[in-house]
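Structure, as structure tokens:
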2 protein chains.
Amino acid sequence: MACYRFPATIVAPRASRHRIRAQKPSISHPKRLFSAASSARFGWDDVLRVGEGNQEDDDPSDLRGYFEKVWACNRGSQEKQSEFVPFLVEDQIVGYIHKGFIEHLRKFQDVFTVVSGKNGCGIGDCVSLHSSLKKPDDRTRAVGHVIKCIGKLIPGIRNELYPVTSSFGMPIFFSLERAAAPYFGIKAYGVHMNGYVERDGQQFLWLGKRSNMKPTFPGMLDHLVAGGLPHGITCKENLMKECEEEAGIPRSISNNAISVGAISYIDIDKYKYKRDVLFCYDLKLPAGFIPKNEDGEVDSFRLVPVGHVANIIRRTEFFKPNCSIVIIDFLFRHGYISPDDHGYLELLQSLRSGDWS
Amino acid sequence: MACYRFPATIVAPRASRHRIRAQKPSISHPKRLFSAASSARFGWDDVLRVGEGNQEDDDPSDLRGYFEKVWACNRGSQEKQSEFVPFLVEDQIVGYIHKGFIEHLRKFQDVFTVVSGKNGCGIGDCVSLHSSLKKPDDRTRAVGHVIKCIGKLIPGIRNELYPVTSSFGMPIFFSLERAAAPYFGIKAYGVHMNGYVERDGQQFLWLGKRSNMKPTFPGMLDHLVAGGLPHGITCKENLMKECEEEAGIPRSISNNAISVGAISYIDIDKYKYKRDVLFCYDLKLPAGFIPKNEDGEVDSFRLVPVGHVANIIRRTEFFKPNCSIVIIDFLFRHGYISPDDHGYLELLQSLRSGDWS
């Protein structure tokens with residue numbers, strides 16, 4: 001069971017580091033009851049109970065439970081960042097690779113060129129593609145071959161390609177297996193959607209519980225629809241596709257989804273350097289609509305009052321971490337977090353702690 | 001008439017500087033027709049015509065008209081920032097004062113202490129309050145006296161006090177005349193509200209046209225309600241007060257306003273260093289509600305389709321600059337700006353370019 005600790009600093013890797021002072025540093029937080037270790041073993045009964053209950057010592061204006069969820073997606077200290085070197089394509093930084101991981105790439109000298117700072121890279125040590133790989137397709141094939149060869153190092157191969165660019169909407173240098181993206185520190189983009197219902201002036205969010213068979217975060221909570229953004233498809237088109245596959249939402253309804261902003265984070269975990277930007281959408285669903293998963297990735301859905309969802313996020317680690325941030329963004333935009341709550345501005349800013357371009 | 005120019009760089013003083021590439025740098029922009037110089041001389045007919053019209057060469061997915069409005073609120077180059085020195089109270093930076101303005105403060109040696117870097121300030125030149133001024137009330141009185149004495153330098157005295165703190169919600173060191181806040185580089189907070197109506201699935205925004213008698217931005221466009229945040233009142237309470245005074249919105253309706261986030265900017269103009277954070281609210285109004293100004297600050301109101309408001313912002317300089325940013329934030333949250341538009345992430349991030357705490 002994770003030990004509850006209130007860190008004094010929010011890690012905001014690229015922007016300034018924001019300081020949030022604890023008003024009640026010794027508070028006994030209900031999260032103790034539902035730690036990361038037990039997250040995959042809960043059922044809907046647990047979810048609904050923890051959402052509903054009024055707990056002693058639990059103040060809804062205490063934002064620390066939210067801060068923890070943001071920190072969980074931003075485990076990137078400067079010390080950890082220094083273990084990575086830039087990955088360059090056409091002289092532009094497209095990612096970051098761990099020095100330990102580079103050792104596995106060294107033997108593929110016809111694909112990767114490892115340059116030490118002394119030898120003229122200009123920005124210290126760096127990795128680039130071999131100068132013979134000039135065309136995107138050639139690069140995609142060559143890097144894909146390496147990933148196959150070192151497959152054991154990269155679990156959960158998806159056979160889904162992510163575009164490698166300097167920033168969103170810019171020309172694509174090559175495409176990379178989705179599961180490998182964090183090992184090369186590639187910026188990855190996704191579309192995430194909160195589906196909600198309004199009844200008698202009260203708002204409810206549709207939550208999904210991930211299939212226990214999912215390779216990542218099995219059994220944990222999701223918002224209604226989410227997906228990575230592959231090459232060659234617009235955000236809205238990709239969202240509508242995911243709406244159909246993940247929740248059985250017909251295009252006549254998903255067409256009403258509206259873009260509402262974006263969140264970002266940088267997360268470093270051993271060899272993985274995740275730089276994610278998630279485009280957020282809201283979809284107001286008809287009161288009678290029932291989602292139905294079509295691709296086997298979701299076990300079941302429940303409709304939960306938004307105030308209860310807020311409690312679940314603050315009190316537990318039931319949600320897949322990046323989904324928490326997308327829902328916290330929803331809570332901000334729909335008035336569930338008040339400017340008069342201590343730490344409001346810091347929490348709002350922390351939702352965009354990532355590499356933003 | 002201002003000459004249309006497309007700057008290559010968004011100035012984002014504290015965060016990273018974002019670069020947005022012009023896709024059509026030579027585009028002939030309709031804004032030429034409605035520049036800052038003519039802003040105060042337009043009528044509602046001009047506003048409605050420019051909002052409705054489909055103009056040749058004007059692409060709604062071209063975000064440059066929005067970027068310009070953000071830049072207009074963020075005129076703070078590093079060169080300009082170097083003309084200011086920190087203003088410290090109790091060893092914490094609470095503001096920044098122009099070196100030229102300091103010369104006017106030097107003669108008030110019992111109130112301000114000007115320290116050169118050589119004499120042990122630790123952070124280079126700085127200004128602090130005289131060590132005898134230990135209590136907030138004493139500081140407020142002493143600084144207030146100075147402001148009266150140098151009144152001609154600070155136009156538009158409001159007789160309204162702003163709290164001086166290190167960050168929002170922290171203890172107050174003293175209070176300062178609102179009009180003087182930018183001359184001391186004090187962080188200032190405000191509440192800004194978009195009032196909207198939904199009819200047959202279409203959204204409309206209530207716009208106000210400022211009285212021609214206002215000392216600041218006479219005759220320009222506003223969103224429905226806005227006000228500075230003085231000492232000793234919560235954001236929501238202040239908003240409800242402003243709703244009543246500025247638009248005749250009874251508390252039974254304004255109580256439904258929801259907080260939706262915040263925007264920020266840093267603007268440097270000669271001696272003034274504005275560091276503003278605006279808490280944003282949305283209020284969905286009953287379709288039949290008609291706003292009515294009670295304090296003489298608004299000339300008249302009009303209900304305008306949101307798509308037309310977007311056109312007005314992109315094409316003209318009719319809006320008071322910081323109101324443009326609050327409405328651009330509304331456009332993001334309500335799906336009027338698409339993630340597939342070139343520059344989406346940069347524009348979204350630029351809405352929070354200020355000193356964020």
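How things are named: the first chain in the structure tokens is A, the next is B, and so on; residues count from 1 in each chain; ligands count from 1 in the order shown.
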Tell me the residues of chain A close to chain B, meaning within 9 Å using only C-alpha atoms, as JSON, numbers by chain.
{"A": [14, 15, 16, 18, 19, 168, 169, 234, 235, 236, 257, 258, 259, 260, 261, 262, 279, 281, 331, 332, 333, 334, 335, 336, 337, 338, 339, 340, 341, 342, 343, 344, 345, 346, 348, 349, 352, 356, 357]}
Could you pull the residues within 7 Å of Phe173 (chain A), counting only C-alpha atoms, minus those fewer than 3 positions along the same chain, as number ranges by chain?
A: 136, 164-165
Which of region 227-347 of chain B DSSP labels helix (DSSP H, G or I), written as a PyMOL selection string
chain B and resi 235-247+251-254+306-315+321-333+344-347
Requested write-out: C-alpha atoms of the selected residues, as an mmCIF file, in the first residue's frame:
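Resulting contents of selection.cif:
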data_model
loop_
_atom_site.group_PDB
_atom_site.id
_atom_site.type_symbol
_atom_site.label_atom_id
_atom_site.label_comp_id
_atom_site.auth_asym_id
_atom_site.auth_seq_id
_atom_site.Cartn_x
_atom_site.Cartn_y
_atom_site.Cartn_z
ATOM 1 C CA CYS B 235 -14.391 35.553 -6.595
ATOM 2 C CA LYS B 236 -17.989 34.337 -6.808
ATOM 3 C CA GLU B 237 -19.345 37.041 -4.497
ATOM 4 C CA ASN B 238 -17.481 39.717 -6.463
ATOM 5 C CA LEU B 239 -18.827 38.320 -9.726
ATOM 6 C CA MET B 240 -22.414 38.398 -8.457
ATOM 7 C CA LYS B 241 -21.948 42.007 -7.332
ATOM 8 C CA GLU B 242 -20.578 42.963 -10.768
ATOM 9 C CA CYS B 243 -23.423 41.048 -12.475
ATOM 10 C CA GLU B 244 -25.913 43.224 -10.637
ATOM 11 C CA GLU B 245 -24.109 46.540 -11.240
ATOM 12 C CA GLU B 246 -22.973 46.030 -14.816
ATOM 13 C CA ALA B 247 -25.801 44.030 -16.364
ATOM 14 C CA ARG B 251 -28.485 37.007 -7.818
ATOM 15 C CA SER B 252 -31.054 34.270 -8.453
ATOM 16 C CA ILE B 253 -29.586 34.028 -11.989
ATOM 17 C CA SER B 254 -25.924 34.996 -11.412
ATOM 18 C CA VAL B 306 -20.914 33.135 -31.204
ATOM 19 C CA GLY B 307 -19.590 32.457 -34.711
ATOM 20 C CA HIS B 308 -20.042 36.146 -35.524
ATOM 21 C CA VAL B 309 -18.284 37.152 -32.296
ATOM 22 C CA ALA B 310 -15.359 34.975 -33.398
ATOM 23 C CA ASN B 311 -15.268 36.846 -36.711
ATOM 24 C CA ILE B 312 -15.306 40.211 -34.936
ATOM 25 C CA ILE B 313 -12.354 39.200 -32.777
ATOM 26 C CA ARG B 314 -10.357 37.839 -35.701
ATOM 27 C CA ARG B 315 -11.130 40.714 -38.054
ATOM 28 C CA PRO B 321 -7.862 43.686 -25.550
ATOM 29 C CA ASN B 322 -8.075 41.487 -22.446
ATOM 30 C CA CYS B 323 -11.759 40.729 -23.148
ATOM 31 C CA SER B 324 -10.657 39.217 -26.472
ATOM 32 C CA ILE B 325 -8.548 36.664 -24.590
ATOM 33 C CA VAL B 326 -11.430 35.720 -22.292
ATOM 34 C CA ILE B 327 -13.682 35.204 -25.326
ATOM 35 C CA ILE B 328 -10.987 33.219 -27.192
ATOM 36 C CA ASP B 329 -10.897 30.962 -24.107
ATOM 37 C CA PHE B 330 -14.705 30.584 -24.465
ATOM 38 C CA LEU B 331 -14.274 29.718 -28.160
ATOM 39 C CA PHE B 332 -11.778 26.976 -27.233
ATOM 40 C CA ARG B 333 -13.980 25.473 -24.537
ATOM 41 C CA TYR B 344 -4.113 25.317 -32.018
ATOM 42 C CA LEU B 345 -1.779 24.250 -29.188
ATOM 43 C CA GLU B 346 0.329 27.403 -29.344
ATOM 44 C CA LEU B 347 -2.746 29.650 -29.229
#
Would you compute the distance between CA of Gln109 (chain A) and CA of Cys149 (chain A)? Give it in Å to one decimal.
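Calculated distance between CA of Gln109 (chain A) and CA of Cys149 (chain A) is 13.6 Å.
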State, in Å with one decimal place, the distance from CA of Pro163 (chain A) to CA of His192 (chain A).
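Calculated distance between CA of Pro163 (chain A) and CA of His192 (chain A) is 18.3 Å.
Near region 202-217 of chain B, within a cut-off of 6 Å and counting only C-alpha atoms, sit the residues Gly195, Tyr196, Val197, Asp222, His223, Leu224, Glu297, Val298, Asp299, Ser300, Phe301, Arg302, Leu303, Val304, Pro305 and Val306 of chain B, with same-chain residues fewer than 5 positions away left out.
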Could you dump the residues just selected with N, CA and C atoms as a tab-separated table (two decimals), in the first residue's frame?
chain	number	residue	atom	x	y	z
B	195	GLY	N	-21.68	35.84	-20.82
B	195	GLY	CA	-23.09	35.47	-20.66
B	195	GLY	C	-23.61	35.01	-22.00
B	196	TYR	N	-24.17	33.80	-22.05
B	196	TYR	CA	-24.61	33.27	-23.35
B	196	TYR	C	-26.02	32.70	-23.26
B	197	VAL	N	-26.60	32.55	-24.44
B	197	VAL	CA	-27.96	32.05	-24.58
B	197	VAL	C	-27.94	30.95	-25.62
B	222	ASP	N	-17.01	44.82	-24.87
B	222	ASP	CA	-16.73	43.98	-23.69
B	222	ASP	C	-17.56	42.71	-23.80
B	223	HIS	N	-17.14	41.66	-23.07
B	223	HIS	CA	-18.13	40.62	-22.82
B	223	HIS	C	-19.08	41.13	-21.74
B	224	LEU	N	-19.95	40.28	-21.21
B	224	LEU	CA	-21.08	40.81	-20.45
B	224	LEU	C	-20.70	41.48	-19.12
B	297	GLU	N	-21.58	52.39	-16.79
B	297	GLU	CA	-20.31	52.06	-17.43
B	297	GLU	C	-20.49	51.44	-18.81
B	298	VAL	N	-21.72	50.96	-19.09
B	298	VAL	CA	-21.99	50.32	-20.38
B	298	VAL	C	-23.02	51.15	-21.14
B	299	ASP	N	-22.74	51.38	-22.41
B	299	ASP	CA	-23.66	52.18	-23.23
B	299	ASP	C	-24.87	51.34	-23.64
B	300	SER	N	-24.61	50.11	-24.12
B	300	SER	CA	-25.70	49.26	-24.62
B	300	SER	C	-25.21	47.83	-24.80
B	301	PHE	N	-26.15	46.93	-24.97
B	301	PHE	CA	-25.84	45.50	-25.12
B	301	PHE	C	-26.44	44.97	-26.42
B	302	ARG	N	-25.82	43.94	-26.98
B	302	ARG	CA	-26.42	43.23	-28.12
B	302	ARG	C	-26.15	41.73	-27.97
B	303	LEU	N	-27.09	40.92	-28.45
B	303	LEU	CA	-26.93	39.47	-28.45
B	303	LEU	C	-26.45	39.05	-29.84
B	304	VAL	N	-25.27	38.40	-29.91
B	304	VAL	CA	-24.62	38.13	-31.20
B	304	VAL	C	-24.27	36.64	-31.29
B	305	PRO	N	-24.55	35.98	-32.43
B	305	PRO	CA	-24.18	34.56	-32.55
B	305	PRO	C	-22.68	34.38	-32.31
B	306	VAL	N	-22.32	33.30	-31.61
B	306	VAL	CA	-20.91	33.14	-31.20
B	306	VAL	C	-19.98	33.11	-32.42
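Using only C-alpha atoms, the shortest contact distance between Phe112 (chain A) and any of A:Phe184, A:Tyr189, A:Tyr265, A:Phe67 is found at A:Phe184.
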For the strand (DSSP E) assignment from backbone DSSP, which residues of region 66-227 of chain A qualify? Please present them as number ranges by chain.
A: 84-89, 92-98, 112-115, 126-129, 161-164, 174-177, 187-199, 202-210, 221-222, 225-227
The selected residues should be written to file as an mmCIF file, in the first residue's frame (atoms: C-alpha atoms).
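So the final result, stored in again.cif, reads:
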data_model
loop_
_atom_site.group_PDB
_atom_site.id
_atom_site.type_symbol
_atom_site.label_atom_id
_atom_site.label_comp_id
_atom_site.auth_asym_id
_atom_site.auth_seq_id
_atom_site.Cartn_x
_atom_site.Cartn_y
_atom_site.Cartn_z
ATOM 1 C CA PHE A 84 18.499 10.976 -21.539
ATOM 2 C CA VAL A 85 20.128 12.407 -24.662
ATOM 3 C CA PRO A 86 18.371 14.117 -27.591
ATOM 4 C CA PHE A 87 17.231 12.097 -30.587
ATOM 5 C CA LEU A 88 17.661 14.169 -33.748
ATOM 6 C CA VAL A 89 16.222 13.806 -37.227
ATOM 7 C CA GLN A 92 15.666 18.762 -35.164
ATOM 8 C CA ILE A 93 15.041 17.232 -31.760
ATOM 9 C CA VAL A 94 12.199 14.737 -32.106
ATOM 10 C CA GLY A 95 12.748 12.793 -28.887
ATOM 11 C CA TYR A 96 14.980 11.729 -26.000
ATOM 12 C CA ILE A 97 16.632 8.329 -25.459
ATOM 13 C CA HIS A 98 17.937 6.882 -22.183
ATOM 14 C CA PHE A 112 21.391 4.775 -35.548
ATOM 15 C CA THR A 113 24.384 7.070 -35.210
ATOM 16 C CA VAL A 114 25.438 7.739 -31.635
ATOM 17 C CA VAL A 115 27.498 10.919 -31.419
ATOM 18 C CA CYS A 126 22.952 12.769 -29.118
ATOM 19 C CA VAL A 127 21.493 10.039 -31.313
ATOM 20 C CA SER A 128 20.499 10.509 -34.934
ATOM 21 C CA LEU A 129 19.432 8.307 -37.820
ATOM 22 C CA LEU A 161 2.310 3.477 -36.174
ATOM 23 C CA TYR A 162 2.752 6.936 -34.618
ATOM 24 C CA PRO A 163 4.039 9.887 -36.664
ATOM 25 C CA VAL A 164 7.401 11.350 -35.658
ATOM 26 C CA PHE A 174 9.016 8.806 -40.220
ATOM 27 C CA SER A 175 6.554 6.554 -38.358
ATOM 28 C CA LEU A 176 7.221 4.505 -35.257
ATOM 29 C CA GLU A 177 5.527 1.597 -33.487
ATOM 30 C CA LYS A 187 5.823 13.310 -28.622
ATOM 31 C CA ALA A 188 2.549 11.395 -28.781
ATOM 32 C CA TYR A 189 -0.898 12.838 -29.294
ATOM 33 C CA GLY A 190 -4.275 11.417 -28.339
ATOM 34 C CA VAL A 191 -7.980 12.245 -28.278
ATOM 35 C CA HIS A 192 -9.863 11.818 -24.977
ATOM 36 C CA MET A 193 -13.575 12.338 -24.507
ATOM 37 C CA ASN A 194 -15.802 12.802 -21.488
ATOM 38 C CA GLY A 195 -19.365 11.677 -22.225
ATOM 39 C CA TYR A 196 -21.922 13.271 -19.924
ATOM 40 C CA VAL A 197 -25.649 13.416 -19.371
ATOM 41 C CA GLU A 198 -27.762 16.149 -17.784
ATOM 42 C CA ARG A 199 -30.840 15.237 -15.760
ATOM 43 C CA GLN A 202 -27.458 17.545 -12.442
ATOM 44 C CA GLN A 203 -24.530 16.274 -14.520
ATOM 45 C CA PHE A 204 -23.447 12.621 -14.746
ATOM 46 C CA LEU A 205 -20.325 11.181 -16.387
ATOM 47 C CA TRP A 206 -20.218 7.834 -18.147
ATOM 48 C CA LEU A 207 -17.229 5.874 -16.802
ATOM 49 C CA GLY A 208 -15.727 2.733 -18.284
ATOM 50 C CA LYS A 209 -13.922 -0.067 -16.454
ATOM 51 C CA ARG A 210 -11.076 -1.396 -18.570
ATOM 52 C CA LEU A 221 -11.335 3.244 -14.641
ATOM 53 C CA ASP A 222 -11.457 5.315 -17.847
ATOM 54 C CA VAL A 225 -13.634 7.217 -25.005
ATOM 55 C CA ALA A 226 -9.885 7.624 -25.624
ATOM 56 C CA GLY A 227 -7.386 6.745 -28.291
#
Please, what distance in Å, to one decimal, runs between CA of Pro230 (chain B) and CA of Asn293 (chain B)?
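CA of Asn293 (chain B) lies at a distance of 20.9 Å from CA of Pro230 (chain B).
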